[in-house]
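Dumped model09.cif below, it's mmCIF, C-alpha atoms:
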data_work
#
loop_
_atom_site.label_atom_id
_atom_site.label_comp_id
_atom_site.auth_asym_id
_atom_site.auth_seq_id
_atom_site.Cartn_x
_atom_site.Cartn_y
_atom_site.Cartn_z
CA MET A 1 0.00 0.00 0.00
CA THR A 2 2.76 2.39 0.92
CA ILE A 3 4.31 1.96 -2.51
CA VAL A 4 1.07 2.98 -4.15
CA GLU A 5 0.76 5.94 -1.82
CA ASN A 6 4.31 7.02 -2.52
CA LEU A 7 3.70 6.71 -6.24
CA ARG A 8 0.53 8.74 -5.92
CA PHE A 9 2.38 11.40 -3.93
CA LEU A 10 5.19 11.52 -6.51
CA GLY A 11 2.74 11.76 -9.38
CA HIS A 12 0.87 14.53 -7.61
CA ARG A 13 4.09 16.49 -7.12
CA ILE A 14 5.08 16.11 -10.78
CA VAL A 15 1.67 17.06 -12.14
CA ASN A 16 1.62 20.02 -9.77
CA ALA A 17 5.09 21.15 -10.91
CA VAL A 18 4.15 20.95 -14.60
CA TRP A 19 0.94 22.83 -13.82
CA ARG A 20 2.88 25.58 -12.09
CA ILE A 21 5.33 25.85 -15.00
CA GLY A 22 2.43 26.26 -17.41
CA PHE A 23 0.78 28.88 -15.23
CA ALA A 24 4.10 30.70 -14.82
CA SER A 25 4.64 30.84 -18.60
CA ARG A 26 1.12 32.17 -19.16
CA PHE A 27 1.69 34.71 -16.38
CA PHE A 28 4.96 35.85 -17.99
CA ILE A 29 3.29 36.25 -21.40
CA LEU A 30 0.46 38.21 -19.77
CA ILE A 31 2.96 40.57 -18.12
CA LEU A 32 4.55 41.30 -21.51
CA PHE A 33 1.11 41.60 -23.15
CA TYR A 34 -0.25 44.09 -20.59
CA SER A 35 2.93 46.12 -20.10
CA GLY A 36 1.63 49.00 -22.22
CA THR A 37 0.13 50.62 -19.12
CA SER A 38 3.43 50.69 -17.29
CA PHE A 39 4.89 52.89 -20.05
CA ARG A 40 1.79 54.99 -20.79
CA ARG A 41 1.41 55.76 -17.08
CA PHE A 42 5.12 55.83 -16.36
CA GLN A 43 4.47 57.27 -12.89
CA LEU A 44 3.46 53.77 -11.79
CA THR A 45 6.81 52.37 -12.91
CA ILE A 46 8.69 55.28 -11.33
CA LYS A 47 7.09 54.50 -7.98
CA GLU A 48 8.28 50.91 -8.25
CA LEU A 49 11.72 52.01 -9.48
CA PHE A 50 11.98 53.93 -6.22
CA SER A 51 11.06 51.01 -4.01
CA SER A 52 13.10 48.37 -5.82
CA GLY A 53 15.97 50.37 -7.34
CA VAL A 54 16.65 53.39 -5.15
CA MET A 55 16.04 51.53 -1.90
CA SER A 56 18.56 48.83 -2.95
CA LEU A 57 21.25 51.45 -3.60
CA ILE A 58 22.79 51.38 -0.12
CA ILE A 59 23.22 47.61 0.07
CA ILE A 60 24.60 47.47 -3.50
CA LEU A 61 27.10 50.29 -2.98
CA VAL A 62 28.37 49.01 0.37
CA ALA A 63 28.53 45.38 -0.76
CA GLY A 64 30.31 46.37 -3.99
CA THR A 65 32.96 48.35 -2.14
CA PHE A 66 33.70 45.53 0.27
CA VAL A 67 33.78 42.86 -2.42
CA GLY A 68 36.26 45.01 -4.37
CA MET A 69 38.39 45.50 -1.25
CA VAL A 70 38.47 41.75 -0.55
CA LEU A 71 39.37 41.10 -4.20
CA GLY A 72 42.18 43.62 -3.90
CA LEU A 73 43.60 41.98 -0.78
CA GLN A 74 43.29 38.37 -1.92
CA GLY A 75 44.40 39.12 -5.46
CA TYR A 76 47.45 40.94 -4.17
CA GLU A 77 48.40 38.06 -1.88
CA THR A 78 48.22 35.58 -4.77
CA LEU A 79 49.79 37.77 -7.47
CA LYS A 80 52.67 38.72 -5.16
CA ARG A 81 53.91 35.11 -5.29
CA TYR A 82 54.41 35.42 -9.05
CA GLY A 83 55.78 38.92 -8.84
CA SER A 84 52.98 40.33 -10.98
CA GLU A 85 51.26 42.71 -8.56
CA SER A 86 50.78 45.13 -11.42
CA ALA A 87 48.11 42.80 -12.86
CA LEU A 88 45.96 43.49 -9.79
CA GLY A 89 43.89 46.10 -11.66
CA SER A 90 42.90 43.80 -14.47
CA LEU A 91 42.21 40.94 -12.04
CA VAL A 92 39.85 43.06 -9.91
CA ALA A 93 38.11 44.69 -12.88
CA LEU A 94 37.70 41.53 -14.95
CA SER A 95 36.27 39.45 -12.13
CA LEU A 96 33.89 42.25 -11.17
CA VAL A 97 32.70 43.22 -14.62
CA ARG A 98 32.33 39.69 -15.96
CA GLU A 99 31.01 37.73 -12.98
CA LEU A 100 30.79 39.21 -9.53
CA GLY A 101 29.06 42.46 -10.47
CA PRO A 102 26.08 40.95 -12.31
CA VAL A 103 25.77 37.84 -10.11
CA LEU A 104 26.19 39.37 -6.66
CA ALA A 105 24.07 42.40 -7.52
CA ALA A 106 21.33 40.06 -8.75
CA LEU A 107 21.57 37.89 -5.62
CA LEU A 108 21.33 40.96 -3.39
CA PHE A 109 18.50 42.32 -5.52
CA ALA A 110 16.62 39.03 -5.24
CA SER A 111 16.79 39.01 -1.47
CA ARG A 112 16.31 42.75 -1.01
CA ALA A 113 13.68 43.65 -3.63
CA GLY A 114 12.40 40.31 -4.95
CA SER A 115 11.27 39.08 -1.54
CA ALA A 116 9.53 42.41 -0.90
CA MET A 117 7.69 42.15 -4.23
CA THR A 118 6.49 38.63 -3.43
CA ALA A 119 5.31 39.58 0.05
CA GLU A 120 3.54 42.69 -1.24
CA ILE A 121 1.65 40.95 -4.01
CA GLY A 122 0.95 37.89 -1.86
CA LEU A 123 -0.56 40.09 0.83
CA MET A 124 -2.55 42.04 -1.76
CA LYS A 125 -4.00 38.74 -2.84
CA ALA A 126 -4.57 37.54 0.75
CA THR A 127 -6.42 40.74 1.65
CA GLU A 128 -8.42 40.44 -1.59
CA GLN A 129 -7.18 43.71 -3.07
CA ILE A 130 -6.47 41.89 -6.31
CA SER A 131 -10.01 40.52 -6.47
CA ALA A 132 -11.34 43.98 -5.66
CA MET A 133 -9.45 45.40 -8.64
CA GLU A 134 -10.88 42.75 -10.90
CA MET A 135 -14.36 43.65 -9.59
CA MET A 136 -13.72 47.27 -10.62
CA ALA A 137 -12.63 46.06 -14.10
CA ILE A 138 -9.01 47.08 -13.45
CA ASN A 139 -6.57 44.53 -14.78
CA PRO A 140 -4.32 43.73 -11.78
CA ILE A 141 -1.53 42.47 -14.03
CA ALA A 142 -1.41 45.73 -15.97
CA ARG A 143 -1.88 47.91 -12.88
CA VAL A 144 0.17 46.09 -10.21
CA VAL A 145 2.41 43.42 -11.71
CA ALA A 146 3.79 44.85 -14.98
CA PRO A 147 5.13 48.14 -13.50
CA ARG A 148 7.03 46.13 -10.87
CA PHE A 149 8.41 43.87 -13.59
CA TRP A 150 9.71 46.73 -15.71
CA ALA A 151 11.08 48.56 -12.68
CA GLY A 152 13.10 45.46 -11.81
CA VAL A 153 14.30 44.95 -15.38
CA ILE A 154 15.40 48.59 -15.68
CA SER A 155 17.11 48.83 -12.31
CA MET A 156 19.04 45.55 -12.44
CA PRO A 157 21.69 46.56 -15.07
CA LEU A 158 22.09 49.97 -13.40
CA LEU A 159 22.62 48.36 -10.00
CA SER A 160 25.12 45.92 -11.46
CA ALA A 161 27.07 48.75 -13.12
CA LEU A 162 27.12 50.60 -9.79
CA PHE A 163 28.26 47.45 -8.01
CA SER A 164 31.16 46.94 -10.44
CA ALA A 165 32.20 50.60 -10.32
CA MET A 166 32.20 50.61 -6.52
CA GLY A 167 34.10 47.32 -6.53
CA VAL A 168 36.81 48.79 -8.76
CA PHE A 169 36.95 51.75 -6.38
CA GLY A 170 37.29 49.39 -3.40
CA GLY A 171 40.05 47.45 -5.15
CA TYR A 172 41.79 50.75 -5.92
CA VAL A 173 41.59 51.85 -2.28
CA VAL A 174 43.08 48.59 -0.99
CA GLY A 175 45.55 47.96 -3.80
CA VAL A 176 46.92 51.42 -4.52
CA VAL A 177 46.18 53.53 -1.44
CA LEU A 178 46.74 50.97 1.32
CA ILE A 179 49.15 48.39 -0.14
CA GLY A 180 50.94 50.67 -2.56
CA VAL A 181 50.67 49.00 -5.97
CA ASP A 182 51.79 51.44 -8.64
CA GLN A 183 48.83 53.58 -9.65
CA GLY A 184 49.78 53.86 -13.31
CA SER A 185 50.17 50.14 -13.87
CA PHE A 186 46.97 49.45 -11.90
CA TRP A 187 44.86 51.50 -14.31
CA SER A 188 46.76 50.70 -17.51
CA GLN A 189 46.70 46.95 -16.89
CA MET A 190 42.99 47.29 -16.18
CA GLN A 191 42.34 49.13 -19.44
CA ALA A 192 44.47 46.68 -21.37
CA GLY A 193 42.69 43.69 -19.85
CA VAL A 194 39.05 44.79 -20.01
CA ASP A 195 37.44 44.93 -23.44
CA PHE A 196 34.34 47.09 -23.78
CA LYS A 197 32.35 44.83 -26.08
CA HIS A 198 33.56 41.51 -24.79
CA ASP A 199 33.48 42.16 -21.04
CA ILE A 200 31.36 45.18 -20.14
CA VAL A 201 28.54 44.70 -22.66
CA ASN A 202 28.35 40.97 -21.92
CA GLY A 203 28.18 41.74 -18.20
CA MET A 204 25.31 44.14 -18.85
CA ILE A 205 23.48 41.51 -20.93
CA LYS A 206 23.91 39.08 -18.05
CA SER A 207 22.46 41.47 -15.50
CA PHE A 208 19.53 42.26 -17.83
CA VAL A 209 18.72 38.55 -18.10
CA PHE A 210 19.04 38.18 -14.31
CA GLY A 211 16.71 41.16 -13.85
CA VAL A 212 14.05 39.53 -16.03
CA ALA A 213 14.42 36.18 -14.23
CA VAL A 214 14.42 37.54 -10.66
CA THR A 215 11.44 39.86 -11.04
CA ALA A 216 9.42 37.32 -13.02
CA ILE A 217 9.99 34.67 -10.33
CA ALA A 218 9.24 37.10 -7.50
CA LEU A 219 6.03 38.35 -9.08
CA PHE A 220 4.84 34.88 -10.02
CA GLU A 221 5.45 33.51 -6.52
CA GLY A 222 3.53 36.41 -5.05
CA TYR A 223 0.65 35.99 -7.47
CA ASP A 224 0.56 32.23 -6.98
CA ALA A 225 0.86 32.31 -3.17
CA PRO A 226 -1.94 30.70 -1.15
CA PRO A 227 -3.86 33.59 0.46
CA THR A 228 -2.78 32.79 4.01
CA ALA A 229 -0.06 34.05 6.32
CA GLU A 230 1.77 30.73 5.91
CA GLY A 231 1.34 30.82 2.14
CA VAL A 232 2.87 34.29 1.82
CA SER A 233 5.84 33.44 4.02
CA GLY A 234 6.44 30.22 2.07
CA ALA A 235 6.24 32.11 -1.22
CA THR A 236 8.77 34.69 -0.01
CA THR A 237 11.20 31.94 0.94
CA ARG A 238 10.68 30.21 -2.40
CA THR A 239 11.36 33.48 -4.24
CA VAL A 240 14.77 33.88 -2.65
CA VAL A 241 15.74 30.22 -3.09
CA GLU A 242 14.45 29.85 -6.64
CA SER A 243 15.80 33.14 -7.94
CA SER A 244 19.23 32.58 -6.37
CA LEU A 245 19.49 29.15 -7.96
CA THR A 246 18.17 30.49 -11.28
CA ILE A 247 20.75 33.30 -11.25
CA LEU A 248 23.63 30.89 -10.70
CA PHE A 249 22.35 28.44 -13.30
CA LEU A 250 21.72 31.16 -15.91
CA ASP A 251 25.15 32.59 -15.14
CA PHE A 252 26.75 29.28 -16.06
CA ILE A 253 24.75 29.04 -19.30
CA LEU A 254 25.46 32.64 -20.32
CA THR A 255 29.15 32.38 -19.46
CA ALA A 256 29.42 29.20 -21.52
CA PHE A 257 27.92 31.04 -24.49
CA MET A 258 29.77 34.34 -24.11
CA PHE A 259 33.29 33.31 -23.18
CA GLN A 260 33.70 30.00 -24.95
CA GLY A 261 36.69 29.11 -27.06
CA GLU A 262 39.20 31.70 -25.97
CA MET B 1 0.72 65.65 -12.96
CA LYS B 2 3.41 67.35 -10.92
CA ARG B 3 6.94 66.53 -10.04
CA THR B 4 7.53 64.72 -6.77
CA THR B 5 10.56 63.97 -4.61
CA LEU B 6 10.14 60.39 -5.78
CA ASP B 7 11.03 61.47 -9.31
CA LEU B 8 14.15 63.17 -8.01
CA TRP B 9 15.36 60.03 -6.25
CA VAL B 10 14.63 57.83 -9.26
CA GLY B 11 16.41 60.41 -11.43
CA ILE B 12 19.45 60.32 -9.14
CA PHE B 13 19.41 56.52 -9.28
CA VAL B 14 19.25 56.38 -13.08
CA VAL B 15 21.93 59.07 -13.51
CA ALA B 16 24.22 57.33 -11.01
CA GLY B 17 23.74 53.99 -12.78
CA LEU B 18 24.51 55.46 -16.19
CA ALA B 19 27.51 57.32 -14.76
CA ALA B 20 28.82 54.05 -13.32
CA LEU B 21 28.44 52.47 -16.75
CA ALA B 22 30.33 55.37 -18.32
CA VAL B 23 33.12 55.04 -15.74
CA LEU B 24 33.33 51.33 -16.48
CA ALA B 25 33.49 51.97 -20.21
CA LEU B 26 36.04 54.80 -20.15
CA LYS B 27 38.16 54.29 -17.04
CA VAL B 28 38.03 50.52 -16.62
CA GLY B 29 37.46 49.37 -20.20
CA ASN B 30 39.31 50.28 -23.34
CA LEU B 31 36.65 52.42 -25.00
CA SER B 32 38.81 55.53 -24.59
CA THR B 33 41.64 53.89 -26.52
CA TYR B 34 39.29 52.58 -29.17
CA ASN B 35 39.81 55.50 -31.53
CA MET B 36 41.32 53.44 -34.35
CA SER B 37 38.52 54.52 -36.64
CA GLU B 38 40.49 54.52 -39.90
CA THR B 39 42.55 51.42 -40.38
CA TYR B 40 44.17 49.38 -43.10
CA GLN B 41 45.07 45.71 -43.23
CA LEU B 42 48.40 43.99 -43.68
CA GLN B 43 49.30 40.35 -43.87
CA ALA B 44 52.22 38.28 -42.71
CA HIS B 45 53.20 34.61 -42.72
CA PHE B 46 54.84 33.05 -39.70
CA SER B 47 56.15 29.50 -39.45
CA ASN B 48 55.08 29.41 -35.81
CA ILE B 49 52.91 31.92 -34.00
CA GLY B 50 53.25 30.38 -30.53
CA GLY B 51 50.45 31.68 -28.32
CA LEU B 52 49.42 34.67 -30.46
CA LYS B 53 45.65 35.26 -30.37
CA PRO B 54 43.22 37.43 -32.32
CA GLN B 55 42.95 40.91 -30.76
CA ALA B 56 46.58 40.72 -29.64
CA SER B 57 48.29 44.07 -29.88
CA ILE B 58 50.72 45.18 -32.58
CA LYS B 59 53.41 47.51 -31.36
CA SER B 60 56.16 49.50 -32.91
CA SER B 61 58.79 50.85 -30.52
CA GLY B 62 56.38 49.84 -27.78
CA VAL B 63 53.55 52.03 -29.09
CA LEU B 64 50.24 50.34 -29.86
CA VAL B 65 49.63 50.74 -33.61
CA GLY B 66 47.08 48.01 -34.33
CA ARG B 67 45.54 44.68 -33.49
CA VAL B 68 45.63 41.16 -34.88
CA ALA B 69 42.41 40.71 -36.83
CA GLN B 70 42.54 37.10 -37.93
CA ILE B 71 44.76 34.04 -37.73
CA SER B 72 44.46 31.07 -40.07
CA LEU B 73 46.61 28.32 -41.52
CA ASP B 74 47.66 28.90 -45.13
CA PRO B 75 46.74 25.60 -46.84
CA GLU B 76 49.42 26.00 -49.54
CA ARG B 77 52.43 27.01 -47.51
CA TYR B 78 51.45 25.31 -44.24
CA GLU B 79 52.30 28.47 -42.40
CA ALA B 80 50.23 30.67 -40.13
CA LYS B 81 48.68 33.60 -41.98
CA VAL B 82 48.10 36.59 -39.70
CA THR B 83 45.93 39.49 -40.79
CA MET B 84 46.72 42.73 -38.96
CA THR B 85 44.65 45.87 -38.64
CA ILE B 86 46.89 48.93 -38.46
CA ASP B 87 45.95 52.49 -37.59
CA LYS B 88 45.91 54.69 -40.71
CA ARG B 89 48.02 57.31 -38.99
CA TYR B 90 51.02 54.99 -39.06
CA GLN B 91 52.71 54.02 -42.34
CA PHE B 92 55.50 51.45 -42.47
CA PRO B 93 58.27 50.98 -45.06
CA LYS B 94 58.16 47.97 -47.41
CA ASP B 95 61.01 46.17 -45.66
CA THR B 96 59.45 46.32 -42.20
CA PHE B 97 60.32 43.40 -39.96
CA ALA B 98 57.51 41.63 -38.03
CA ASN B 99 58.51 39.78 -34.86
CA ILE B 100 56.35 37.82 -32.47
CA MET B 101 57.45 38.90 -29.04
CA THR B 102 56.44 38.21 -25.47
CA SER B 103 55.80 40.89 -22.89
CA GLY B 104 57.67 39.74 -19.83
CA LEU B 105 58.78 36.18 -19.31
CA LEU B 106 55.30 34.64 -19.21
CA GLY B 107 53.20 37.54 -20.46
CA GLU B 108 50.98 37.61 -23.49
CA GLN B 109 52.38 37.67 -26.99
CA TYR B 110 52.23 40.54 -29.43
CA ILE B 111 53.65 41.47 -32.82
CA GLY B 112 56.48 43.96 -32.84
CA LEU B 113 57.08 45.92 -36.06
CA ILE B 114 60.60 47.15 -36.71
CA PRO B 115 60.64 49.61 -39.64
CA GLY B 116 63.29 49.21 -42.30
CA GLY B 117 64.84 51.84 -44.54
CA ASP B 118 62.84 51.45 -47.74
CA GLU B 119 61.43 54.61 -49.34
CA ALA B 120 58.15 52.96 -50.43
CA PHE B 121 55.43 52.34 -47.87
CA LEU B 122 53.29 49.25 -47.37
CA LYS B 123 49.81 49.67 -48.83
CA ALA B 124 46.54 48.15 -47.66
CA GLY B 125 46.50 44.39 -48.33
CA ASP B 126 50.28 44.13 -48.72
CA GLU B 127 52.27 41.39 -47.09
CA ILE B 128 55.13 41.85 -44.67
CA LYS B 129 57.83 39.57 -46.12
CA LYS B 130 60.35 39.56 -43.31
CA THR B 131 58.99 37.80 -40.28
CA GLN B 132 60.36 36.04 -37.26
CA SER B 133 58.40 33.36 -35.45
CA ALA B 134 57.57 33.14 -31.81
CA VAL B 135 60.22 31.86 -29.45
CA VAL B 136 58.99 28.53 -28.17
CA LEU B 137 60.40 27.80 -24.75
CA GLU B 138 60.66 24.04 -25.38
CA ASP B 139 62.79 24.63 -28.51
CA LEU B 140 65.12 26.89 -26.58
CA ILE B 141 65.53 24.37 -23.80
CA SER B 142 66.19 21.47 -26.16
CA ARG B 143 68.69 23.54 -28.14
CA PHE B 144 70.41 24.48 -24.91
CA LEU B 145 70.55 20.84 -23.81
CA TYR B 146 71.99 19.71 -27.15
CA SER B 147 74.70 22.33 -27.04
CA LYS B 148 75.50 21.36 -23.45
CA ALA B 149 75.80 17.73 -24.52
CA GLU B 150 78.17 18.74 -27.33
CA ASP B 151 80.26 20.82 -24.94
CA SER B 152 80.68 17.96 -22.52
CA LYS B 153 81.79 15.66 -25.35
CA GLN B 154 84.56 17.91 -26.61
CA PRO B 155 87.06 17.51 -23.72
CA ASN B 156 87.01 13.76 -24.29
CA LYS B 157 88.17 14.11 -27.91
#

Could you quickly redo this structure as structure tokens?
Amino acid sequence: MTIVENLRFLGHRIVNAVWRIGFASRFFILILFYSGTSFRRFQLTIKELFSSGVMSLIIILVAGTFVGMVLGLQGYETLKRYGSESALGSLVALSLVRELGPVLAALLFASRAGSAMTAEIGLMKATEQISAMEMMAINPIARVVAPRFWAGVISMPLLSALFSAMGVFGGYVVGVVLIGVDQGSFWSQMQAGVDFKHDIVNGMIKSFVFGVAVTAIALFEGYDAPPTAEGVSGATTRTVVESSLTILFLDFILTAFMFQGE
Amino acid sequence: MKRTTLDLWVGIFVVAGLAALAVLALKVGNLSTYNMSETYQLQAHFSNIGGLKPQASIKSSGVLVGRVAQISLDPERYEAKVTMTIDKRYQFPKDTFANIMTSGLLGEQYIGLIPGGDEAFLKAGDEIKKTQSAVVLEDLISRFLYSKAEDSKQPNK
């Protein structure tokens, strides 16, 4: 009997997962379809840009500076062994612009802004604000969901650029000001090592993709959350877990495409 | 519709983000040195290019004058054919010498151009005839070992 029950449980989980994937895809298409409002009434998007972009500024700037400082210290320790401390600039800049900037900014964004989006929309649903909108013939996806989506997609590349810039600044402070690597070789090695098209533009494409993924997951989890206190808390947790894993997975895929065969 | 403090903050955010991108492009990246708008192409054959890669720099007296555009194997001569993109501001004589050199002991490889004394200049599409291949460390070591072996034989003669 237990085998049958286990099988039934497994089947239920699989059917449920496929169901959710289908609903998520339809939800994503609907966001794109109804996003006209978020540009016609741009004030809606601006409000969300404030709460997801501007409010994440502090954590992004501080985290970026410290990550850059750690990179400077660790990179110096390793490069010193080979007598090539002058390559510190290109090491710090390349690792920030290619990987750490987009990925860490997206991870911070997922836990700072994504979880807030999920909780907000989940609570709107739990307190029946979403149903009330539908009763008043206001499309909740166009009015509530799409502006948040576009705010996330717009702010993600900007946050990642800020993260990388602050990281380079942090690496400069540790490497040049504190340790005393030559300033000229720090910047010139950096400029020689970092290619605009190959590194910076690819990093921006990465963070754009992460922005789409994180906000879509956060909004879907909020919209799909069971309208209870437990349901909303579970959805918030799932947002952080799922979007973090998605970011790391997508990062691998994108890196494999962008930097293959060098 | 009137302006709110919210707009100001979002404006600051967007401006700061774009400024960070500009800093990355100009200060960190190489966009500021990307002004090789007018270029011409030269070709050269090398019997061994070592670790030379596309986008490697081409220097003359240490000054960056161009980049390697393309590397392929010439199917007739079985030699590496390197296409170089050179800045139009710099013209080189016909008997210019192209060397593959290494920056530092283990650094990346680049092409060094040493101008000759010819009056005529290389034109777009021309080939640099005088080339010297990359120094392969294994060759050097084996040559060194052979000469050592010969040296140690001689006293026995």

How close does each residue of chain A get to chain B, giving the shortest atom pair and distance in Å to one decimal for every residue with an atom at most 9 Å away, counting all atoms listed in the file, sorted by chain and residue number, as JSON lines?
{"residue": "A:Gln43", "atom": "CA", "partner": "B:Asp7", "partner_atom": "CA", "distance": 8.6}
{"residue": "A:Ile46", "atom": "CA", "partner": "B:Val10", "partner_atom": "CA", "distance": 6.8}
{"residue": "A:Lys47", "atom": "CA", "partner": "B:Leu6", "partner_atom": "CA", "distance": 7.0}
{"residue": "A:Leu49", "atom": "CA", "partner": "B:Val10", "partner_atom": "CA", "distance": 6.5}
{"residue": "A:Phe50", "atom": "CA", "partner": "B:Val10", "partner_atom": "CA", "distance": 5.6}
{"residue": "A:Gly53", "atom": "CA", "partner": "B:Phe13", "partner_atom": "CA", "distance": 7.3}
{"residue": "A:Val54", "atom": "CA", "partner": "B:Phe13", "partner_atom": "CA", "distance": 5.9}
{"residue": "A:Leu57", "atom": "CA", "partner": "B:Phe13", "partner_atom": "CA", "distance": 7.8}
{"residue": "A:Gly89", "atom": "CA", "partner": "B:Val28", "partner_atom": "CA", "distance": 8.9}
{"residue": "A:Ser90", "atom": "CA", "partner": "B:Val28", "partner_atom": "CA", "distance": 8.6}
{"residue": "A:Ala93", "atom": "CA", "partner": "B:Val28", "partner_atom": "CA", "distance": 6.9}
{"residue": "A:Val97", "atom": "CA", "partner": "B:Leu24", "partner_atom": "CA", "distance": 8.3}
{"residue": "A:Ser155", "atom": "CA", "partner": "B:Val14", "partner_atom": "CA", "distance": 7.9}
{"residue": "A:Pro157", "atom": "CA", "partner": "B:Gly17", "partner_atom": "CA", "distance": 8.0}
{"residue": "A:Leu158", "atom": "CA", "partner": "B:Gly17", "partner_atom": "CA", "distance": 4.4}
{"residue": "A:Leu159", "atom": "CA", "partner": "B:Gly17", "partner_atom": "CA", "distance": 6.4}
{"residue": "A:Ser160", "atom": "CA", "partner": "B:Gly17", "partner_atom": "CA", "distance": 8.3}
{"residue": "A:Ala161", "atom": "CA", "partner": "B:Leu21", "partner_atom": "CA", "distance": 5.4}
{"residue": "A:Leu162", "atom": "CA", "partner": "B:Ala20", "partner_atom": "CA", "distance": 5.2}
{"residue": "A:Phe163", "atom": "CA", "partner": "B:Ala20", "partner_atom": "CA", "distance": 8.5}
{"residue": "A:Ser164", "atom": "CA", "partner": "B:Leu24", "partner_atom": "CA", "distance": 7.8}
{"residue": "A:Ala165", "atom": "CA", "partner": "B:Ala20", "partner_atom": "CA", "distance": 5.7}
{"residue": "A:Met166", "atom": "CA", "partner": "B:Ala20", "partner_atom": "CA", "distance": 8.3}
{"residue": "A:Val168", "atom": "CA", "partner": "B:Val28", "partner_atom": "CA", "distance": 8.1}
{"residue": "A:Trp187", "atom": "CA", "partner": "B:Val28", "partner_atom": "CA", "distance": 7.3}
{"residue": "A:Ser188", "atom": "CA", "partner": "B:Val28", "partner_atom": "CA", "distance": 8.8}
{"residue": "A:Met190", "atom": "CA", "partner": "B:Val28", "partner_atom": "CA", "distance": 5.9}
{"residue": "A:Gln191", "atom": "CA", "partner": "B:Gly29", "partner_atom": "CA", "distance": 4.9}
{"residue": "A:Ala192", "atom": "CA", "partner": "B:Asn30", "partner_atom": "CA", "distance": 6.6}
{"residue": "A:Gly193", "atom": "CA", "partner": "B:Gly29", "partner_atom": "CA", "distance": 7.7}
{"residue": "A:Val194", "atom": "CA", "partner": "B:Gly29", "partner_atom": "CA", "distance": 4.9}
{"residue": "A:Asp195", "atom": "CA", "partner": "B:Gly29", "partner_atom": "CA", "distance": 5.5}
{"residue": "A:Phe196", "atom": "CA", "partner": "B:Gly29", "partner_atom": "CA", "distance": 5.3}
{"residue": "A:Lys197", "atom": "CA", "partner": "B:Leu31", "partner_atom": "CA", "distance": 8.8}
{"residue": "A:Asp199", "atom": "CA", "partner": "B:Gly29", "partner_atom": "CA", "distance": 8.3}
{"residue": "A:Ile200", "atom": "CA", "partner": "B:Ala25", "partner_atom": "CA", "distance": 7.1}
{"residue": "A:Glu262", "atom": "CA", "partner": "B:Lys53", "partner_atom": "CA", "distance": 8.6}

Please list as a PDB file with C-alpha atoms, keeping the file's coordinate frame every residue within 8 Å of region 108-122 of chain B, counting all atoms listed in the file and excluding residues in the same chain fewer than 4 positions away.
ATOM      1  CA  GLY B  51      50.450  31.680 -28.320  1.00  0.00           C
ATOM      2  CA  LEU B  52      49.420  34.670 -30.460  1.00  0.00           C
ATOM      3  CA  LYS B  53      45.650  35.260 -30.370  1.00  0.00           C
ATOM      4  CA  ALA B  56      46.580  40.720 -29.640  1.00  0.00           C
ATOM      5  CA  SER B  57      48.290  44.070 -29.880  1.00  0.00           C
ATOM      6  CA  ILE B  58      50.720  45.180 -32.580  1.00  0.00           C
ATOM      7  CA  LYS B  59      53.410  47.510 -31.360  1.00  0.00           C
ATOM      8  CA  SER B  60      56.160  49.500 -32.910  1.00  0.00           C
ATOM      9  CA  SER B  61      58.790  50.850 -30.520  1.00  0.00           C
ATOM     10  CA  GLY B  62      56.380  49.840 -27.780  1.00  0.00           C
ATOM     11  CA  GLN B  91      52.710  54.020 -42.340  1.00  0.00           C
ATOM     12  CA  PHE B  92      55.500  51.450 -42.470  1.00  0.00           C
ATOM     13  CA  PRO B  93      58.270  50.980 -45.060  1.00  0.00           C
ATOM     14  CA  LYS B  94      58.160  47.970 -47.410  1.00  0.00           C
ATOM     15  CA  ASP B  95      61.010  46.170 -45.660  1.00  0.00           C
ATOM     16  CA  THR B  96      59.450  46.320 -42.200  1.00  0.00           C
ATOM     17  CA  PHE B  97      60.320  43.400 -39.960  1.00  0.00           C
ATOM     18  CA  ALA B  98      57.510  41.630 -38.030  1.00  0.00           C
ATOM     19  CA  ASN B  99      58.510  39.780 -34.860  1.00  0.00           C
ATOM     20  CA  ILE B 100      56.350  37.820 -32.470  1.00  0.00           C
ATOM     21  CA  MET B 101      57.450  38.900 -29.040  1.00  0.00           C
ATOM     22  CA  THR B 102      56.440  38.210 -25.470  1.00  0.00           C
ATOM     23  CA  SER B 103      55.800  40.890 -22.890  1.00  0.00           C
ATOM     24  CA  GLY B 104      57.670  39.740 -19.830  1.00  0.00           C
ATOM     25  CA  ASP B 126      50.280  44.130 -48.720  1.00  0.00           C
ATOM     26  CA  GLU B 127      52.270  41.390 -47.090  1.00  0.00           C
TER      27      GLU B 127
END

Report task. Extract, using only C-alpha atoms, all DNA, RNA and protein residues at most 8 Å from region 216-224 of chain A, discarding same-chain residues fewer than 4 positions from it, and format them as a count of residues only. Result -> 23

Requested in this report: Would you translate the PyMOL selection byres ((chain A and resi 99-107) around 10) into the concrete set of residues it matches in this file, as a ChimeraX atom specification?
Outcome: /A:56,59-61,63-64,67-68,92-98,108-114,156-167,199,202-211,213-214,240-241,243-248,250-252,255

Spatial neighbours of region 74-79 of chain B, 9 Å, all atoms listed in the file, chain gap at least 6 places, as a JSON list (two decimals) with C-alpha atoms, keeping the file's coordinate frame:
[["chain", "number", "residue", "atom", "x", "y", "z"],
["B", 45, "HIS", "CA", 53.20, 34.61, -42.72],
["B", 46, "PHE", "CA", 54.84, 33.05, -39.70],
["B", 47, "SER", "CA", 56.15, 29.50, -39.45],
["B", 48, "ASN", "CA", 55.08, 29.41, -35.81]]

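What separates CA of Pro147 (chain A) from CA of Ser35 (chain A) is a distance of 7.2 Å.
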